[in-house]
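Only one structure is covered here, and it is reproduced in the block below.
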Amino acid sequence: MEIIYEHVDLIIIVSGASIGSIKAGVEFNKDKRCVARAIDIFLGVFCGVMLARHFHNAGSTALGGLLALVGGVSGAVVVEVFMQMLPSIAKKAIKNVVEKNIK
């Protein structure tokens, strides 16, 4: 029982990251296959835990849980947003390179 009390902050952080990531994975990835959704959820949990552990305050366990929740949601969606932005970024980069070489 003492081990649980020693690591209650880590349990709350992992729980918050898991809840946030699962919520975002289910809400934003309705048309994706189960494997792709699971990868997004695992990525969200990783991002949430890393964010909360980095900015964790030893005096406030609730803050760590909240940071993990927000990090989990953000991590689960970040790959999807990046993949949607990638074609326009590549188009602008190629256009800039072509315009510089033509002049």
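Simple scheme: letters A, B, ... for chains in structure tokens order, numbers from 1 for residues in each chain, numbers from 1 for ligands in the order shown.
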- Query: So which bits of segment 55-86 of chain A end up helix (DSSP H, G or I) when you DSSP the backbone, as a ChimeraX atom specification?
  - Reply: /A:61-86
Restrict the selected residues to N, CA and C atoms and save them as a JSON list (two decimals), in the first residue's frame.
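Output file selection_20.json is given in full below:
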```
[["chain", "number", "residue", "atom", "x", "y", "z"],
["A", 61, "THR", "N", -0.49, 17.55, -7.31],
["A", 61, "THR", "CA", -0.72, 16.36, -8.12],
["A", 61, "THR", "C", -1.80, 16.61, -9.16],
["A", 62, "ALA", "N", -2.78, 17.42, -8.79],
["A", 62, "ALA", "CA", -3.89, 17.71, -9.72],
["A", 62, "ALA", "C", -3.39, 18.45, -10.95],
["A", 63, "LEU", "N", -2.42, 19.34, -10.77],
["A", 63, "LEU", "CA", -1.86, 20.06, -11.92],
["A", 63, "LEU", "C", -1.17, 19.10, -12.88],
["A", 64, "GLY", "N", -0.46, 18.12, -12.34],
["A", 64, "GLY", "CA", 0.17, 17.12, -13.18],
["A", 64, "GLY", "C", -0.86, 16.31, -13.96],
["A", 65, "GLY", "N", -1.97, 15.96, -13.33],
["A", 65, "GLY", "CA", -3.04, 15.24, -14.01],
["A", 65, "GLY", "C", -3.68, 16.07, -15.10],
["A", 66, "LEU", "N", -3.88, 17.35, -14.84],
["A", 66, "LEU", "CA", -4.47, 18.24, -15.83],
["A", 66, "LEU", "C", -3.53, 18.44, -17.02],
["A", 67, "LEU", "N", -2.26, 18.62, -16.75],
["A", 67, "LEU", "CA", -1.28, 18.75, -17.83],
["A", 67, "LEU", "C", -1.22, 17.47, -18.67],
["A", 68, "ALA", "N", -1.31, 16.32, -18.00],
["A", 68, "ALA", "CA", -1.31, 15.05, -18.73],
["A", 68, "ALA", "C", -2.54, 14.91, -19.59],
["A", 69, "LEU", "N", -3.68, 15.35, -19.09],
["A", 69, "LEU", "CA", -4.92, 15.29, -19.85],
["A", 69, "LEU", "C", -4.83, 16.13, -21.12],
["A", 70, "VAL", "N", -4.37, 17.36, -20.97],
["A", 70, "VAL", "CA", -4.23, 18.26, -22.12],
["A", 70, "VAL", "C", -3.15, 17.75, -23.08],
["A", 71, "GLY", "N", -2.06, 17.26, -22.53],
["A", 71, "GLY", "CA", -1.00, 16.71, -23.38],
["A", 71, "GLY", "C", -1.44, 15.47, -24.12],
["A", 72, "GLY", "N", -2.28, 14.65, -23.49],
["A", 72, "GLY", "CA", -2.80, 13.46, -24.15],
["A", 72, "GLY", "C", -3.69, 13.80, -25.32],
["A", 73, "VAL", "N", -4.55, 14.79, -25.13],
["A", 73, "VAL", "CA", -5.43, 15.23, -26.23],
["A", 73, "VAL", "C", -4.59, 15.82, -27.36],
["A", 74, "SER", "N", -3.64, 16.66, -27.02],
["A", 74, "SER", "CA", -2.80, 17.29, -28.05],
["A", 74, "SER", "C", -1.95, 16.27, -28.79],
["A", 75, "GLY", "N", -1.39, 15.33, -28.06],
["A", 75, "GLY", "CA", -0.53, 14.34, -28.69],
["A", 75, "GLY", "C", -1.27, 13.41, -29.62],
["A", 76, "ALA", "N", -2.52, 13.12, -29.30],
["A", 76, "ALA", "CA", -3.30, 12.23, -30.14],
["A", 76, "ALA", "C", -3.71, 12.90, -31.44],
["A", 77, "VAL", "N", -3.77, 14.23, -31.46],
["A", 77, "VAL", "CA", -4.25, 14.94, -32.63],
["A", 77, "VAL", "C", -3.11, 15.55, -33.43],
["A", 78, "VAL", "N", -1.94, 15.68, -32.85],
["A", 78, "VAL", "CA", -0.85, 16.41, -33.50],
["A", 78, "VAL", "C", -0.42, 15.76, -34.81],
["A", 79, "VAL", "N", -0.36, 14.45, -34.87],
["A", 79, "VAL", "CA", 0.06, 13.78, -36.10],
["A", 79, "VAL", "C", -0.96, 14.00, -37.21],
["A", 80, "GLU", "N", -2.24, 13.93, -36.86],
["A", 80, "GLU", "CA", -3.30, 14.14, -37.85],
["A", 80, "GLU", "C", -3.24, 15.56, -38.41],
["A", 81, "VAL", "N", -3.06, 16.54, -37.57],
["A", 81, "VAL", "CA", -2.98, 17.93, -38.02],
["A", 81, "VAL", "C", -1.73, 18.14, -38.87],
["A", 82, "PHE", "N", -0.62, 17.57, -38.45],
["A", 82, "PHE", "CA", 0.61, 17.71, -39.22],
["A", 82, "PHE", "C", 0.47, 17.08, -40.60],
["A", 83, "MET", "N", -0.15, 15.92, -40.67],
["A", 83, "MET", "CA", -0.33, 15.26, -41.96],
["A", 83, "MET", "C", -1.26, 16.05, -42.88],
["A", 84, "GLN", "N", -2.22, 16.78, -42.31],
["A", 84, "GLN", "CA", -3.10, 17.61, -43.13],
["A", 84, "GLN", "C", -2.38, 18.87, -43.61],
["A", 85, "MET", "N", -1.44, 19.38, -42.83],
["A", 85, "MET", "CA", -0.72, 20.59, -43.20],
["A", 85, "MET", "C", 0.46, 20.31, -44.13],
["A", 86, "LEU", "N", 0.96, 19.10, -44.16],
["A", 86, "LEU", "CA", 2.17, 18.77, -44.91],
["A", 86, "LEU", "C", 2.08, 19.08, -46.40]]
```
- Residues at most 6 Å from Ser21 of chain A, counting only C-alpha atoms, excluding those fewer than 3 positions away in the same chain, as a VMD selection string? chain A and resid 17 to 18 24 to 25 41 44 to 45 72 to 73 76
